[in-house]
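Colleague: Contents of run15.cif (mmCIF, C-alpha atoms) are below:
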data_input
loop_
_atom_site.group_PDB
_atom_site.id
_atom_site.type_symbol
_atom_site.label_atom_id
_atom_site.label_comp_id
_atom_site.auth_asym_id
_atom_site.auth_seq_id
_atom_site.Cartn_x
_atom_site.Cartn_y
_atom_site.Cartn_z
ATOM 1 C CA MET S 1 135.933 80.243 71.552
ATOM 2 C CA THR S 2 132.360 79.752 70.328
ATOM 3 C CA PRO S 3 132.025 79.566 66.534
ATOM 4 C CA ARG S 4 130.116 82.409 64.926
ATOM 5 C CA ALA S 5 126.621 81.446 63.776
ATOM 6 C CA ALA S 6 125.532 81.910 60.170
ATOM 7 C CA PRO S 7 122.684 84.332 59.389
ATOM 8 C CA LEU S 8 119.235 82.919 60.127
ATOM 9 C CA SER S 9 116.513 82.411 57.554
ATOM 10 C CA ALA S 10 112.920 83.355 58.365
ATOM 11 C CA ALA S 11 112.144 79.661 59.000
ATOM 12 C CA ASP S 12 115.137 79.388 61.334
ATOM 13 C CA ARG S 13 114.053 82.496 63.261
ATOM 14 C CA ALA S 14 110.543 81.044 63.640
ATOM 15 C CA GLY S 15 111.899 77.676 64.792
ATOM 16 C CA MET S 16 114.240 79.209 67.339
ATOM 17 C CA ALA S 17 111.519 81.617 68.528
ATOM 18 C CA ALA S 18 109.254 78.609 69.170
ATOM 19 C CA ALA S 19 112.048 76.857 71.099
ATOM 20 C CA LEU S 20 112.712 79.982 73.178
ATOM 21 C CA ALA S 21 109.009 80.413 73.959
ATOM 22 C CA ALA S 22 108.842 76.784 75.088
ATOM 23 C CA ALA S 23 111.950 77.272 77.249
ATOM 24 C CA ARG S 24 110.372 80.290 78.933
ATOM 25 C CA ARG S 25 107.205 78.304 79.675
ATOM 26 C CA GLY S 26 109.333 75.552 81.185
ATOM 27 C CA GLY S 27 111.251 78.006 83.348
ATOM 28 C CA ALA S 28 107.993 79.526 84.582
ATOM 29 C CA ALA S 29 106.871 76.008 85.552
ATOM 30 C CA GLY S 30 110.041 75.426 87.589
ATOM 31 C CA GLU S 31 111.873 73.346 84.987
ATOM 32 C CA VAL S 32 115.384 74.092 83.749
ATOM 33 C CA PRO S 33 114.439 76.424 80.857
ATOM 34 C CA VAL S 34 115.404 74.403 77.810
ATOM 35 C CA GLY S 35 113.055 74.427 74.853
ATOM 36 C CA ALA S 36 112.861 72.601 71.549
ATOM 37 C CA ALA S 37 110.821 72.843 68.369
ATOM 38 C CA VAL S 38 110.641 70.691 65.261
ATOM 39 C CA VAL S 39 110.032 72.251 61.861
ATOM 40 C CA VAL S 40 108.987 70.119 58.888
ATOM 41 C CA ASP S 41 108.284 71.637 55.470
ATOM 42 C CA GLY S 42 108.515 75.146 56.907
ATOM 43 C CA HIS S 43 105.956 74.556 59.679
ATOM 44 C CA VAL S 44 106.473 74.136 63.411
ATOM 45 C CA VAL S 45 104.954 70.689 64.034
ATOM 46 C CA SER S 46 105.917 70.379 67.696
ATOM 47 C CA GLU S 47 107.507 72.196 70.566
ATOM 48 C CA ALA S 48 108.343 71.210 74.110
ATOM 49 C CA HIS S 49 110.249 72.182 77.219
ATOM 50 C CA ASN S 50 111.969 70.065 79.826
ATOM 51 C CA GLU S 51 109.511 68.129 81.991
ATOM 52 C CA THR S 52 111.914 66.317 84.306
ATOM 53 C CA VAL S 53 110.432 67.870 87.447
ATOM 54 C CA ALA S 54 106.772 67.573 86.460
ATOM 55 C CA ARG S 55 107.110 63.945 85.402
ATOM 56 C CA ARG S 56 109.737 63.023 88.002
ATOM 57 C CA ASP S 57 111.716 61.492 85.164
ATOM 58 C CA LEU S 58 115.202 62.717 84.318
ATOM 59 C CA THR S 59 114.859 61.493 80.730
ATOM 60 C CA GLN S 60 112.092 63.968 79.888
ATOM 61 C CA HIS S 61 114.232 66.517 78.084
ATOM 62 C CA ALA S 62 112.760 69.034 75.651
ATOM 63 C CA GLU S 63 114.391 67.392 72.630
ATOM 64 C CA LEU S 64 112.947 63.951 73.331
ATOM 65 C CA ILE S 65 109.456 65.271 73.922
ATOM 66 C CA ALA S 66 109.559 67.492 70.801
ATOM 67 C CA ILE S 67 110.798 64.589 68.650
ATOM 68 C CA GLN S 68 108.063 62.277 69.980
ATOM 69 C CA ARG S 69 105.364 64.881 69.371
ATOM 70 C CA ALA S 70 106.673 65.645 65.871
ATOM 71 C CA LEU S 71 106.692 61.984 64.859
ATOM 72 C CA GLN S 72 103.126 61.674 66.115
ATOM 73 C CA ALA S 73 102.042 64.866 64.335
ATOM 74 C CA ILE S 74 103.420 63.814 60.951
ATOM 75 C CA GLY S 75 102.606 60.119 61.348
ATOM 76 C CA ALA S 76 106.141 58.918 60.679
ATOM 77 C CA ASP S 77 108.956 57.102 62.415
ATOM 78 C CA ARG S 78 111.747 59.338 61.090
ATOM 79 C CA LEU S 79 112.361 63.083 60.781
ATOM 80 C CA ASP S 80 114.564 62.918 57.675
ATOM 81 C CA GLY S 81 113.621 66.356 56.379
ATOM 82 C CA GLY S 82 112.976 67.919 59.766
ATOM 83 C CA THR S 83 114.937 70.544 61.620
ATOM 84 C CA LEU S 84 115.202 70.454 65.400
ATOM 85 C CA TYR S 85 115.741 73.782 67.178
ATOM 86 C CA VAL S 86 116.990 73.618 70.763
ATOM 87 C CA THR S 87 117.993 76.403 73.121
ATOM 88 C CA LEU S 88 120.850 74.372 74.660
ATOM 89 C CA GLU S 89 123.376 72.002 73.103
ATOM 90 C CA PRO S 90 121.984 68.452 73.401
ATOM 91 C CA CYS S 91 123.305 65.984 75.979
ATOM 92 C CA ALA S 92 124.346 62.413 75.108
ATOM 93 C CA GLN S 93 120.811 61.058 75.616
ATOM 94 C CA CYS S 94 119.266 63.648 73.341
ATOM 95 C CA ALA S 95 122.044 63.422 70.755
ATOM 96 C CA GLY S 96 121.383 59.685 70.550
ATOM 97 C CA ALA S 97 117.661 60.295 70.019
ATOM 98 C CA ILE S 98 118.430 62.871 67.315
ATOM 99 C CA VAL S 99 120.536 60.301 65.463
ATOM 100 C CA LEU S 100 117.974 57.505 65.892
ATOM 101 C CA ALA S 101 115.109 59.733 64.703
ATOM 102 C CA ARG S 102 117.244 60.726 61.702
ATOM 103 C CA VAL S 103 116.693 64.434 62.263
ATOM 104 C CA GLY S 104 117.949 66.185 59.140
ATOM 105 C CA LYS S 105 119.321 69.301 60.814
ATOM 106 C CA LEU S 106 119.952 70.473 64.364
ATOM 107 C CA ILE S 107 120.182 74.149 65.221
ATOM 108 C CA PHE S 108 120.964 74.964 68.836
ATOM 109 C CA GLY S 109 121.567 78.065 70.894
ATOM 110 C CA ALA S 110 123.931 77.999 73.858
ATOM 111 C CA TYR S 111 126.835 75.600 74.099
ATOM 112 C CA ASP S 112 126.889 73.348 77.170
ATOM 113 C CA PRO S 113 130.485 72.913 78.347
ATOM 114 C CA LYS S 114 129.422 70.384 81.020
ATOM 115 C CA ALA S 115 127.275 67.957 79.006
ATOM 116 C CA GLY S 116 127.056 69.079 75.369
ATOM 117 C CA MET S 117 127.498 66.366 72.766
ATOM 118 C CA ALA S 118 127.564 68.547 69.647
ATOM 119 C CA GLY S 119 131.138 69.687 70.124
ATOM 120 C CA SER S 120 131.598 70.792 73.740
ATOM 121 C CA VAL S 121 132.274 67.574 75.693
ATOM 122 C CA GLY S 122 132.126 65.285 72.692
ATOM 123 C CA ASP S 123 130.555 65.177 69.269
ATOM 124 C CA LEU S 124 128.230 62.218 69.112
ATOM 125 C CA LEU S 125 126.138 63.841 66.399
ATOM 126 C CA ARG S 126 128.991 63.828 63.892
ATOM 127 C CA HIS S 127 130.698 60.594 64.912
ATOM 128 C CA PRO S 128 132.060 59.016 61.717
ATOM 129 C CA ARG S 129 130.943 55.477 62.589
ATOM 130 C CA LEU S 130 127.262 56.351 62.902
ATOM 131 C CA ASN S 131 124.987 55.622 59.959
ATOM 132 C CA HIS S 132 123.252 59.001 60.267
ATOM 133 C CA ARG S 133 124.810 62.363 60.981
ATOM 134 C CA PRO S 134 122.543 65.426 60.973
ATOM 135 C CA GLU S 135 123.724 68.794 59.802
ATOM 136 C CA VAL S 136 124.568 70.780 62.967
ATOM 137 C CA GLN S 137 124.674 74.528 63.560
ATOM 138 C CA GLY S 138 125.408 75.779 67.070
ATOM 139 C CA GLY S 139 125.619 79.136 68.749
ATOM 140 C CA VAL S 140 122.398 80.468 67.211
ATOM 141 C CA MET S 141 121.010 83.210 69.456
ATOM 142 C CA ALA S 142 123.439 81.835 72.039
ATOM 143 C CA ASP S 143 123.400 84.873 74.325
ATOM 144 C CA GLU S 144 119.617 84.884 74.673
ATOM 145 C CA CYS S 145 119.419 81.098 75.089
ATOM 146 C CA GLY S 146 122.284 80.973 77.586
ATOM 147 C CA ALA S 147 120.840 83.835 79.631
ATOM 148 C CA LEU S 148 117.656 81.836 80.266
ATOM 149 C CA VAL S 149 119.599 79.013 81.903
ATOM 150 C CA ALA S 150 122.055 81.308 83.709
ATOM 151 C CA ASP S 151 119.252 83.456 85.141
ATOM 152 C CA PHE S 152 117.310 80.379 86.212
ATOM 153 C CA PHE S 153 120.225 79.005 88.226
ATOM 154 C CA ALA S 154 121.235 82.429 89.569
ATOM 155 C CA GLY S 155 117.723 82.738 91.002
ATOM 156 C CA ARG S 156 118.145 79.421 92.824
ATOM 157 C CA ARG S 157 121.392 80.385 94.570
#
Please re-express this file's structure in structure tokens.
Modeller:
Amino acid sequence: MTPRAAPLSAADRAGMAAALAAARRGGAAGEVPVGAAVVVDGHVVSEAHNETVARRDLTQHAELIAIQRALQAIGADRLDGGTLYVTLEPCAQCAGAIVLARVGKLIFGAYDPKAGMAGSVGDLLRHPRLNHRPEVQGGVMADECGALVADFFAGRR
């Protein structure tokens, strides 16, 4: 059973809307439609979608690209006060990057029962031995986020 998401603030709605818009752009470009956005001090400082096909690089997930762009935009090497919005529960690679970048909070949409590392397959983000554990909220706008991925793959079958 998927946990029920808490009500969204205006900043959270804006962050998730930016992530969803990025996911839609990615899907239109032939990428698996996953989007991410980083909000710092109430402002969207970066957004991205998967670029694994375009770059022929399986590591080019939306979360990694959004984190890189956010760090560049704010001129820092950490996102301590930042919130990362993602349409799909992060994989192990992305969860590791979230920890290393010291993202303050992660809000994601659909759970990923095959690769999700924020509670589905494992919970790397809240592992007690790590020196940084972001606040995590999953299931936010899960139906809308999950439908993007489901529709994308249904169209390929």
Colleague: Point out the residue among S:Thr59, S:Arg69, S:Leu84, S:Arg78 with the least atom-to-atom distance to Ala18 of chain S, counting only C-alpha atoms.
Modeller: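 Selected residue with least distance to Ala18 of chain S: S:Leu84.
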Colleague: Each side padded by 5 Å, which centre and which edge lengths in Å (one decimal) define the axis-aligned box around the listed atoms of segment 91-96 of chain S? Give them as lines of an AutoDock Vina configuration file.
Modeller:
center_x = 121.8
center_y = 62.8
center_z = 73.3
size_x = 15.1
size_y = 16.3
size_z = 15.4
Colleague: Work out how far apart atom CA of Gly82 of chain S and atom CA of Leu130 of chain S are and give it in Å to one decimal.
Modeller: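 It comes out at 18.6 Å.
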Colleague: With the PyMOL selection byres ((chain S and resi 125) around 10) as the selection, what would be picked from this file? Answer as a list in words, please.
Modeller: Pro90, Ala92, Cys94, Ala95, Gly96, Ala97, Ile98, Val99, Leu106, Met117, Ala118, Gly119, Gly122, Asp123, Leu124, Arg126, His127, Pro128, Leu130, His132, Arg133, Pro134, Glu135 and Val136 of chain S
Colleague: Translate the PyMOL selection byres ((chain S and resi 63) around 10) into a concrete residue list for this structure, as a PyMOL selection string.
Modeller: chain S and resi 19+34-38+47-50+60-62+64-69+84-88+90-91+93-95+97-98
Colleague: What residues come out when you apply the PyMOL selection byres ((chain S and resi 41) around 8) to this file, written as a list in words?
Modeller: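 So the PyMOL selection byres ((chain S and resi 41) around 8), applied here, picks out Val39, Val40, Gly42, His43, Gly81 and Gly82 of chain S.
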Colleague: Please list as a ChimeraX atom specification every residue within 9 Å of segment 73-77 of chain S, counting only C-alpha atoms and excluding residues in the same chain fewer than 6 positions away.
Modeller: /S:40,45-46,101
Colleague: What gap, in Å, lies between atom CA of Met16 of chain S and atom CA of Arg55 of chain S?
Modeller: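 For atom CA of Met16 of chain S relative to atom CA of Arg55 of chain S, the distance reads 24.7 Å.
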Colleague: What is the atom CA of Leu79 of chain S to atom CA of Gly116 of chain S distance in Å?
Modeller: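 Between atom CA of Leu79 of chain S and atom CA of Gly116 of chain S the gap works out to 21.6 Å.
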